[in-house]
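What follows is the content of protein_15.pdb, which has PDB, C-alpha atoms, pLDDT in the B column:
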ATOM      1  CA  MET A 811      96.358  65.600 135.937  1.00 58.00           C
ATOM      2  CA  SER A 812      94.135  68.647 136.282  1.00 61.00           C
ATOM      3  CA  SER A 813      95.202  71.787 134.487  1.00 77.00           C
ATOM      4  CA  LYS A 814      93.474  75.071 135.202  1.00 86.00           C
ATOM      5  CA  ARG A 815      92.686  77.062 132.119  1.00 91.00           C
ATOM      6  CA  LEU A 816      94.730  80.223 132.201  1.00 90.00           C
ATOM      7  CA  LEU A 817      92.993  82.963 130.296  1.00 93.00           C
ATOM      8  CA  PRO A 818      95.040  85.699 128.637  1.00 93.00           C
ATOM      9  CA  LEU A 819      93.182  88.458 130.426  1.00 93.00           C
ATOM     10  CA  GLU A 820      93.891  86.753 133.727  1.00 93.00           C
ATOM     11  CA  VAL A 821      97.587  86.867 132.953  1.00 93.00           C
ATOM     12  CA  ILE A 822      97.294  90.601 132.348  1.00 94.00           C
ATOM     13  CA  ASP A 823      95.259  91.009 135.501  1.00 93.00           C
ATOM     14  CA  GLN A 824      97.957  89.319 137.543  1.00 93.00           C
ATOM     15  CA  ALA A 825     100.459  91.796 136.161  1.00 93.00           C
ATOM     16  CA  ILE A 826      98.635  94.816 137.558  1.00 94.00           C
ATOM     17  CA  GLY A 827     100.889  96.718 139.914  1.00 93.00           C
ATOM     18  CA  SER A 828     104.130  95.472 138.460  1.00 93.00           C
ATOM     19  CA  LYS A 829     106.293  96.374 135.525  1.00 93.00           C
ATOM     20  CA  ILE A 830     105.223  95.201 132.128  1.00 95.00           C
ATOM     21  CA  TRP A 831     106.935  95.271 128.782  1.00 94.00           C
ATOM     22  CA  ILE A 832     104.734  96.026 125.799  1.00 94.00           C
ATOM     23  CA  LEU A 833     105.668  95.376 122.202  1.00 94.00           C
ATOM     24  CA  LEU A 834     103.877  97.577 119.712  1.00 94.00           C
ATOM     25  CA  ARG A 835     103.526  97.510 115.980  1.00 92.00           C
ATOM     26  CA  GLY A 836     106.239  99.293 114.067  1.00 86.00           C
ATOM     27  CA  GLN A 837     109.429  98.657 116.084  1.00 85.00           C
ATOM     28  CA  LYS A 838     108.196 100.351 119.226  1.00 89.00           C
ATOM     29  CA  GLU A 839     108.201  99.224 122.815  1.00 90.00           C
ATOM     30  CA  VAL A 840     106.849 100.610 126.039  1.00 91.00           C
ATOM     31  CA  VAL A 841     107.806  99.647 129.570  1.00 91.00           C
ATOM     32  CA  GLY A 842     105.766 100.795 132.518  1.00 92.00           C
ATOM     33  CA  ILE A 843     103.848  99.869 135.611  1.00 93.00           C
ATOM     34  CA  LEU A 844     100.482  98.429 134.723  1.00 94.00           C
ATOM     35  CA  ARG A 845      97.660 100.206 136.481  1.00 94.00           C
ATOM     36  CA  GLY A 846      94.666  98.776 134.630  1.00 94.00           C
ATOM     37  CA  PHE A 847      93.221  97.572 131.392  1.00 94.00           C
ATOM     38  CA  ASP A 848      89.917  96.890 129.710  1.00 93.00           C
ATOM     39  CA  ASP A 849      88.371  94.248 127.482  1.00 92.00           C
ATOM     40  CA  TYR A 850      90.126  95.614 124.417  1.00 93.00           C
ATOM     41  CA  VAL A 851      93.487  95.540 126.214  1.00 94.00           C
ATOM     42  CA  ASN A 852      93.833  99.280 126.207  1.00 95.00           C
ATOM     43  CA  LEU A 853      96.295  99.838 129.023  1.00 95.00           C
ATOM     44  CA  VAL A 854      96.784 102.401 131.727  1.00 94.00           C
ATOM     45  CA  LEU A 855     100.511 102.605 132.463  1.00 93.00           C
ATOM     46  CA  GLU A 856     102.386 104.672 135.001  1.00 91.00           C
ATOM     47  CA  ASP A 857     105.877 106.098 134.519  1.00 89.00           C
ATOM     48  CA  ALA A 858     106.157 104.569 131.100  1.00 89.00           C
ATOM     49  CA  ILE A 859     109.252 104.698 128.938  1.00 87.00           C
ATOM     50  CA  GLU A 860     108.887 104.558 125.205  1.00 87.00           C
ATOM     51  CA  TYR A 861     111.550 102.866 123.105  1.00 86.00           C
ATOM     52  CA  SER A 862     111.604 103.315 119.361  1.00 84.00           C
ATOM     53  CA  MET A 863     113.905 102.315 116.537  1.00 79.00           C
ATOM     54  CA  ASP A 864     114.862 104.565 113.671  1.00 74.00           C
ATOM     55  CA  ALA A 865     115.314 103.435 110.102  1.00 70.00           C
ATOM     56  CA  HIS A 866     119.047 103.488 110.841  1.00 68.00           C
ATOM     57  CA  GLY A 867     118.659 101.141 113.777  1.00 63.00           C
ATOM     58  CA  VAL A 868     119.116 103.828 116.415  1.00 63.00           C
ATOM     59  CA  SER A 869     117.032 103.209 119.484  1.00 66.00           C
ATOM     60  CA  THR A 870     115.761 106.107 121.539  1.00 65.00           C
ATOM     61  CA  ALA A 871     114.131 106.018 124.939  1.00 65.00           C
ATOM     62  CA  THR A 872     111.619 108.659 125.881  1.00 69.00           C
ATOM     63  CA  PRO A 873     110.326 108.757 129.435  1.00 68.00           C
ATOM     64  CA  LEU A 874     106.685 109.691 129.711  1.00 66.00           C
ATOM     65  CA  HIS A 875     105.647 111.177 132.973  1.00 70.00           C
ATOM     66  CA  THR A 876     102.737 110.168 135.177  1.00 80.00           C
ATOM     67  CA  GLU A 877     100.043 108.167 133.494  1.00 88.00           C
ATOM     68  CA  ILE A 878      99.361 107.186 129.933  1.00 91.00           C
ATOM     69  CA  LEU A 879      96.517 105.448 128.196  1.00 93.00           C
ATOM     70  CA  LEU A 880      97.989 103.116 125.600  1.00 94.00           C
ATOM     71  CA  ASN A 881      95.726 102.201 122.720  1.00 94.00           C
ATOM     72  CA  GLY A 882      95.246  98.451 122.535  1.00 94.00           C
ATOM     73  CA  ASN A 883      95.021  98.621 118.768  1.00 93.00           C
ATOM     74  CA  GLN A 884      98.780  98.890 118.403  1.00 93.00           C
ATOM     75  CA  ILE A 885      99.765  96.364 121.047  1.00 96.00           C
ATOM     76  CA  THR A 886     101.201  93.081 119.808  1.00 96.00           C
ATOM     77  CA  VAL A 887     102.859  91.400 122.809  1.00 95.00           C
ATOM     78  CA  LEU A 888     102.675  91.902 126.549  1.00 95.00           C
ATOM     79  CA  VAL A 889     105.455  90.588 128.770  1.00 94.00           C
ATOM     80  CA  PRO A 890     104.892  90.874 132.513  1.00 91.00           C
ATOM     81  CA  ASN A 891     107.802  91.417 134.870  1.00 84.00           C
ATOM     82  CA  GLU A 892     110.412  91.956 132.221  1.00 76.00           C
ATOM     83  CA  THR A 893     112.167  94.891 130.671  1.00 73.00           C
ATOM     84  CA  PRO A 894     113.704  95.240 127.239  1.00 63.00           C
ATOM     85  CA  GLU A 895     117.108  96.267 128.568  1.00 64.00           C
ATOM     86  CA  GLY A 896     118.564  93.228 126.869  1.00 53.00           C
ATOM     87  CA  SER A 897     116.878  93.792 123.510  1.00 53.00           C
ATOM     88  CA  ALA A 898     117.301  97.560 123.379  1.00 51.00           C
ATOM     89  CA  ALA A 899     120.916  97.368 124.418  1.00 41.00           C
ATOM     90  CA  ALA A 900     121.539  94.564 121.982  1.00 42.00           C
ATOM     91  CA  ALA A 901     119.861  96.542 119.244  1.00 51.00           C
ATOM     92  CA  ALA A 902     121.918  99.654 120.034  1.00 48.00           C
ATOM     93  CA  VAL A 903     125.143  97.698 119.890  1.00 44.00           C
ATOM     94  CA  HIS A 904     124.069  96.027 116.672  1.00 45.00           C
TER      95      HIS A 904
ATOM     96  CA  MET B 615      85.831 101.895 124.731  1.00 58.00           C
ATOM     97  CA  ALA B 616      84.576 100.623 121.379  1.00 53.00           C
ATOM     98  CA  GLU B 617      86.441  99.285 118.353  1.00 49.00           C
ATOM     99  CA  SER B 618      85.612  97.495 115.114  1.00 49.00           C
ATOM    100  CA  THR B 619      84.677  93.864 115.579  1.00 47.00           C
ATOM    101  CA  GLU B 620      87.199  92.343 117.920  1.00 48.00           C
ATOM    102  CA  THR B 621      85.825  91.560 121.310  1.00 46.00           C
ATOM    103  CA  ILE B 622      86.940  89.324 124.088  1.00 45.00           C
ATOM    104  CA  ALA B 623      84.038  87.790 125.953  1.00 43.00           C
ATOM    105  CA  PRO B 624      84.033  89.744 129.213  1.00 44.00           C
ATOM    106  CA  SER B 625      81.873  87.274 131.081  1.00 43.00           C
ATOM    107  CA  SER B 626      84.553  84.616 131.061  1.00 41.00           C
ATOM    108  CA  VAL B 627      87.051  86.785 132.922  1.00 44.00           C
ATOM    109  CA  THR B 628      86.875  87.396 136.616  1.00 45.00           C
ATOM    110  CA  VAL B 629      88.994  90.470 136.807  1.00 47.00           C
ATOM    111  CA  SER B 630      88.319  91.477 140.388  1.00 46.00           C
ATOM    112  CA  GLU B 631      89.568  88.395 142.141  1.00 45.00           C
ATOM    113  CA  GLU B 632      91.539  90.435 144.648  1.00 43.00           C
ATOM    114  CA  PRO B 633      89.518  93.420 145.888  1.00 40.00           C
ATOM    115  CA  SER B 634      92.655  94.944 147.405  1.00 41.00           C
ATOM    116  CA  LYS B 635      94.097  95.652 143.943  1.00 50.00           C
ATOM    117  CA  GLN B 636      93.276  99.094 142.633  1.00 64.00           C
ATOM    118  CA  HIS B 637      92.106  98.730 139.054  1.00 76.00           C
ATOM    119  CA  ARG B 638      92.550 101.949 137.232  1.00 76.00           C
ATOM    120  CA  THR B 639      90.738 101.172 134.069  1.00 88.00           C
ATOM    121  CA  PRO B 640      91.029 103.161 130.870  1.00 88.00           C
ATOM    122  CA  SER B 641      87.587 104.687 131.404  1.00 88.00           C
ATOM    123  CA  ASP B 642      88.722 105.936 134.832  1.00 89.00           C
ATOM    124  CA  PHE B 643      91.728 107.463 133.166  1.00 90.00           C
ATOM    125  CA  LEU B 644      89.589 109.160 130.540  1.00 89.00           C
ATOM    126  CA  LYS B 645      87.321 110.698 133.151  1.00 89.00           C
ATOM    127  CA  SER B 646      90.246 111.994 135.151  1.00 90.00           C
ATOM    128  CA  VAL B 647      92.103 113.522 132.234  1.00 91.00           C
ATOM    129  CA  LEU B 648      89.379 115.849 130.910  1.00 93.00           C
ATOM    130  CA  GLY B 649      90.342 119.508 130.927  1.00 93.00           C
ATOM    131  CA  ARG B 650      93.991 118.800 131.661  1.00 92.00           C
ATOM    132  CA  PRO B 651      97.017 119.422 129.474  1.00 92.00           C
ATOM    133  CA  VAL B 652      97.851 116.235 127.648  1.00 93.00           C
ATOM    134  CA  GLN B 653     100.193 114.887 125.050  1.00 92.00           C
ATOM    135  CA  VAL B 654      98.707 112.737 122.328  1.00 93.00           C
ATOM    136  CA  LYS B 655     100.938 110.578 120.176  1.00 93.00           C
ATOM    137  CA  LEU B 656      99.638 109.208 116.916  1.00 94.00           C
ATOM    138  CA  ASN B 657     100.539 105.964 115.175  1.00 93.00           C
ATOM    139  CA  THR B 658     102.495 108.031 112.677  1.00 91.00           C
ATOM    140  CA  GLY B 659     104.741 109.453 115.395  1.00 89.00           C
ATOM    141  CA  LEU B 660     103.285 112.947 115.347  1.00 92.00           C
ATOM    142  CA  GLU B 661     102.678 114.413 118.771  1.00 91.00           C
ATOM    143  CA  TYR B 662     100.097 116.937 119.841  1.00 93.00           C
ATOM    144  CA  ARG B 663     100.090 118.845 123.097  1.00 92.00           C
ATOM    145  CA  GLY B 664      97.123 120.780 124.280  1.00 93.00           C
ATOM    146  CA  VAL B 665      94.309 121.017 126.750  1.00 94.00           C
ATOM    147  CA  LEU B 666      91.906 118.113 126.461  1.00 94.00           C
ATOM    148  CA  ALA B 667      88.499 119.582 125.691  1.00 94.00           C
ATOM    149  CA  CYS B 668      86.720 116.270 125.302  1.00 91.00           C
ATOM    150  CA  LEU B 669      87.074 112.736 124.087  1.00 89.00           C
ATOM    151  CA  ASP B 670      84.941 109.653 123.555  1.00 89.00           C
ATOM    152  CA  GLY B 671      85.148 105.891 123.742  1.00 86.00           C
ATOM    153  CA  TYR B 672      86.747 105.677 120.339  1.00 90.00           C
ATOM    154  CA  LEU B 673      89.581 107.875 121.588  1.00 91.00           C
ATOM    155  CA  ASN B 674      88.440 110.676 119.288  1.00 95.00           C
ATOM    156  CA  ILE B 675      89.969 113.766 120.861  1.00 95.00           C
ATOM    157  CA  ALA B 676      89.226 117.467 120.833  1.00 94.00           C
ATOM    158  CA  LEU B 677      92.157 119.636 121.946  1.00 94.00           C
ATOM    159  CA  GLU B 678      92.467 123.337 122.601  1.00 93.00           C
ATOM    160  CA  GLN B 679      95.612 125.441 122.255  1.00 91.00           C
ATOM    161  CA  THR B 680      97.225 122.628 120.360  1.00 92.00           C
ATOM    162  CA  GLU B 681     100.854 122.375 119.397  1.00 91.00           C
ATOM    163  CA  GLU B 682     102.007 119.860 116.844  1.00 91.00           C
ATOM    164  CA  TYR B 683     105.405 118.241 117.281  1.00 90.00           C
ATOM    165  CA  ALA B 684     107.232 116.170 114.676  1.00 88.00           C
ATOM    166  CA  ASN B 685     110.492 114.533 115.829  1.00 82.00           C
ATOM    167  CA  GLY B 686     110.306 116.630 118.959  1.00 76.00           C
ATOM    168  CA  GLN B 687     110.220 119.860 116.962  1.00 78.00           C
ATOM    169  CA  LEU B 688     107.323 122.285 117.102  1.00 80.00           C
ATOM    170  CA  LYS B 689     105.705 122.343 113.705  1.00 81.00           C
ATOM    171  CA  ALA B 690     102.397 124.130 114.030  1.00 80.00           C
ATOM    172  CA  LYS B 691      99.923 125.600 116.443  1.00 79.00           C
ATOM    173  CA  TYR B 692      96.183 125.186 116.277  1.00 79.00           C
ATOM    174  CA  GLY B 693      93.489 126.858 118.282  1.00 87.00           C
ATOM    175  CA  ASP B 694      91.309 123.782 118.181  1.00 89.00           C
ATOM    176  CA  ALA B 695      92.177 120.349 116.932  1.00 91.00           C
ATOM    177  CA  PHE B 696      90.129 117.225 116.381  1.00 94.00           C
ATOM    178  CA  ILE B 697      91.952 113.926 116.241  1.00 95.00           C
ATOM    179  CA  ARG B 698      90.258 110.805 114.973  1.00 95.00           C
ATOM    180  CA  GLY B 699      90.653 108.061 117.532  1.00 95.00           C
ATOM    181  CA  ASN B 700      91.882 105.317 115.241  1.00 94.00           C
ATOM    182  CA  ASN B 701      95.152 107.237 114.836  1.00 94.00           C
ATOM    183  CA  VAL B 702      95.894 107.564 118.539  1.00 95.00           C
ATOM    184  CA  LEU B 703      98.764 105.545 119.982  1.00 94.00           C
ATOM    185  CA  TYR B 704      98.662 106.965 123.479  1.00 93.00           C
ATOM    186  CA  ILE B 705      97.374 109.801 125.602  1.00 93.00           C
ATOM    187  CA  SER B 706      99.729 111.045 128.267  1.00 92.00           C
ATOM    188  CA  THR B 707      99.239 113.554 131.039  1.00 87.00           C
ATOM    189  CA  GLN B 708     101.773 116.309 131.241  1.00 76.00           C
ATOM    190  CA  THR B 709     101.915 117.175 134.897  1.00 60.00           C
ATOM    191  CA  LYS B 710     105.476 116.233 135.736  1.00 53.00           C
ATOM    192  CA  LYS B 711     105.678 115.203 139.325  1.00 45.00           C
ATOM    193  CA  ARG B 712     109.366 114.492 139.248  1.00 39.00           C
TER     194      ARG B 712
END
Can you present the structure in this file as structure tokens?
Amino acid sequence: MSSKRLLPLEVIDQAIGSKIWILLRGQKEVVGILRGFDDYVNLVLEDAIEYSMDAHGVSTATPLHTEILLNGNQITVLVPNETPEGSAAAAAVH
Amino acid sequence: MAESTETIAPSSVTVSEEPSKQHRTPSDFLKSVLGRPVQVKLNTGLEYRGVLACLDGYLNIALEQTEEYANGQLKAKYGDAFIRGNNVLYISTQTKKR
């Protein structure tokens, strides 16, 4: 059985052009269309929406217009082709 | 874009496997955003809106006509502001197309 090594940056590269869900440090999430990235996984996202959680557990969504450059320093998890509708809604209900 | 010590070996990644895909890299974004009104959000949640005078690979930012927002509320105005790049969460353009 031959298994091709799948590199993490290849996974990100395959996600370019489609929606991606980013988990950040500190109870924050961003969903947007991935336009590009670099070796440090700084991201260029288009039409991003920022989700954040208050100390009281209240989640707020802030749409950010046009393009953003997201600092790779704060990124923890990248999930291609998924949105946090489930988690944000679940968190709001909870 | 430079950071402390973490690097991923770039030679092992063939990023441009499909030439038809438009790769808008962060450095492209930085070149295109100079001189435009931007919104900068810090790790602390503070937001700054102003005209981007210049920035560098560390995401250090110099803004003009800066307004500082905390929790969406205008807190202060600065003629010139320098933001150290390690604090920056994101840089967003402000031209609202929609």
Produce a table with one row for each residue of chain B that has an atom at most 6 Å from any atom of chain A, each row naming the nearest atom pair and its distance in Å at one decimal; use only C-alpha atoms; arrange rows by chain and rising residue number; format as CSV.
residue,atom,partner,partner_atom,distance
B:His637,CA,A:Gly846,CA,5.1
B:Arg638,CA,A:Gly846,CA,4.6
B:Thr639,CA,A:Gly846,CA,4.6
B:Pro640,CA,A:Val854,CA,5.9
B:Leu703,CA,A:Asn881,CA,5.3
B:Tyr704,CA,A:Leu880,CA,4.4
B:Ile705,CA,A:Leu879,CA,5.1
B:Ser706,CA,A:Ile878,CA,4.2
B:Thr707,CA,A:Glu877,CA,6.0
B:Lys710,CA,A:His875,CA,5.8
Exercise. How far is it from atom CA of Asp864 of chain A to atom CA of Glu661 of chain B, in Å with one decimal?
Worked result: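 Distance between the two atoms: 16.5 Å.
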Exercise. Pick the closest to Glu860 of chain A from B:Ala690, B:Val647, B:Ala684, B:Gly659: which is it, counting only C-alpha atoms?
Worked result: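 Nearest to Glu860 of chain A: B:Gly659.
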Exercise. Quick one: of B:Asn700, B:Gln708, B:Asn685, B:Ser646, who's nearest to Leu673 of chain B, counting only C-alpha atoms?
Worked result: B:Asn700
Exercise. For Ile843 of chain A, which residue out of A:Leu816, A:Ala865, A:Val889, A:Val821 is the nearest one, using all atoms listed in the file?
Worked result: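 Among A:Leu816, A:Ala865, A:Val889, A:Val821, it is A:Val889 that comes nearest to Ile843 of chain A.
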Problem set entry | Selection near Leu669 of chain B, 10 Å with all atoms listed in the file, sequence-local residues under 3 positions removed, as a list in words |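 Surrounding residues, per the criterion: Leu644, Lys645, Val647, Leu648, Leu666, Tyr672, Leu673, Asn674, Ile675, Ala676, Leu677, Phe696, Ile697, Arg698 and Gly699 of chain B.
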Problem set entry | Spatial neighbours of Thr893 of chain A, 8 Å, all atoms listed in the file, chain gap at least 3 places, as a PyMOL selection string | chain A and resi 829-831+841+896
Can you sort out segment 825-849 of chain A so it carries N, CA and C atoms, written as a short mmCIF file (atom, residue, chain, number, x, y, z; two decimals), in the coordinates of the input?
data_model
loop_
_atom_site.label_atom_id
_atom_site.label_comp_id
_atom_site.auth_asym_id
_atom_site.auth_seq_id
_atom_site.Cartn_x
_atom_site.Cartn_y
_atom_site.Cartn_z
N ALA A 825 99.31 90.90 136.33
CA ALA A 825 100.46 91.80 136.16
C ALA A 825 100.19 93.20 136.68
N ILE A 826 98.95 93.46 137.08
CA ILE A 826 98.64 94.82 137.56
C ILE A 826 99.44 95.13 138.80
N GLY A 827 100.08 96.29 138.79
CA GLY A 827 100.89 96.72 139.91
C GLY A 827 102.36 96.50 139.69
N SER A 828 102.71 95.72 138.70
CA SER A 828 104.13 95.47 138.46
C SER A 828 104.51 95.95 137.06
N LYS A 829 105.79 95.89 136.81
CA LYS A 829 106.29 96.37 135.52
C LYS A 829 105.89 95.42 134.42
N ILE A 830 105.61 96.01 133.28
CA ILE A 830 105.22 95.20 132.13
C ILE A 830 105.88 95.77 130.89
N TRP A 831 106.24 94.90 130.01
CA TRP A 831 106.94 95.27 128.78
C TRP A 831 105.97 95.03 127.63
N ILE A 832 105.72 96.09 126.87
CA ILE A 832 104.73 96.03 125.80
C ILE A 832 105.44 96.17 124.46
N LEU A 833 105.18 95.25 123.56
CA LEU A 833 105.67 95.38 122.20
C LEU A 833 104.55 95.91 121.33
N LEU A 834 104.88 96.95 120.57
CA LEU A 834 103.88 97.58 119.71
C LEU A 834 104.20 97.30 118.26
N ARG A 835 103.26 97.61 117.41
CA ARG A 835 103.53 97.51 115.98
C ARG A 835 104.50 98.59 115.57
N GLY A 836 105.35 98.27 114.61
CA GLY A 836 106.24 99.29 114.07
C GLY A 836 107.47 99.56 114.91
N GLN A 837 108.12 98.51 115.43
CA GLN A 837 109.43 98.66 116.08
C GLN A 837 109.37 99.60 117.29
N LYS A 838 108.29 99.50 118.05
CA LYS A 838 108.20 100.35 119.23
C LYS A 838 107.94 99.48 120.44
N GLU A 839 108.43 99.95 121.57
CA GLU A 839 108.20 99.22 122.82
C GLU A 839 107.90 100.21 123.92
N VAL A 840 107.13 99.78 124.87
CA VAL A 840 106.85 100.61 126.04
C VAL A 840 107.03 99.75 127.29
N VAL A 841 107.68 100.32 128.28
CA VAL A 841 107.81 99.65 129.57
C VAL A 841 107.20 100.55 130.62
N GLY A 842 106.36 99.98 131.47
CA GLY A 842 105.77 100.80 132.52
C GLY A 842 105.11 99.93 133.56
N ILE A 843 104.56 100.59 134.57
CA ILE A 843 103.85 99.87 135.61
C ILE A 843 102.38 99.81 135.21
N LEU A 844 101.85 98.61 135.17
CA LEU A 844 100.48 98.43 134.72
C LEU A 844 99.51 98.82 135.82
N ARG A 845 98.64 99.76 135.50
CA ARG A 845 97.66 100.21 136.48
C ARG A 845 96.29 99.59 136.20
N GLY A 846 95.96 99.36 134.94
CA GLY A 846 94.67 98.78 134.63
C GLY A 846 94.53 98.54 133.14
N PHE A 847 93.48 97.84 132.79
CA PHE A 847 93.22 97.57 131.39
C PHE A 847 91.73 97.32 131.21
N ASP A 848 91.32 97.19 129.96
CA ASP A 848 89.92 96.89 129.71
C ASP A 848 89.81 95.71 128.75
N ASP A 849 88.61 95.44 128.31
CA ASP A 849 88.37 94.25 127.48
C ASP A 849 89.11 94.30 126.15
#
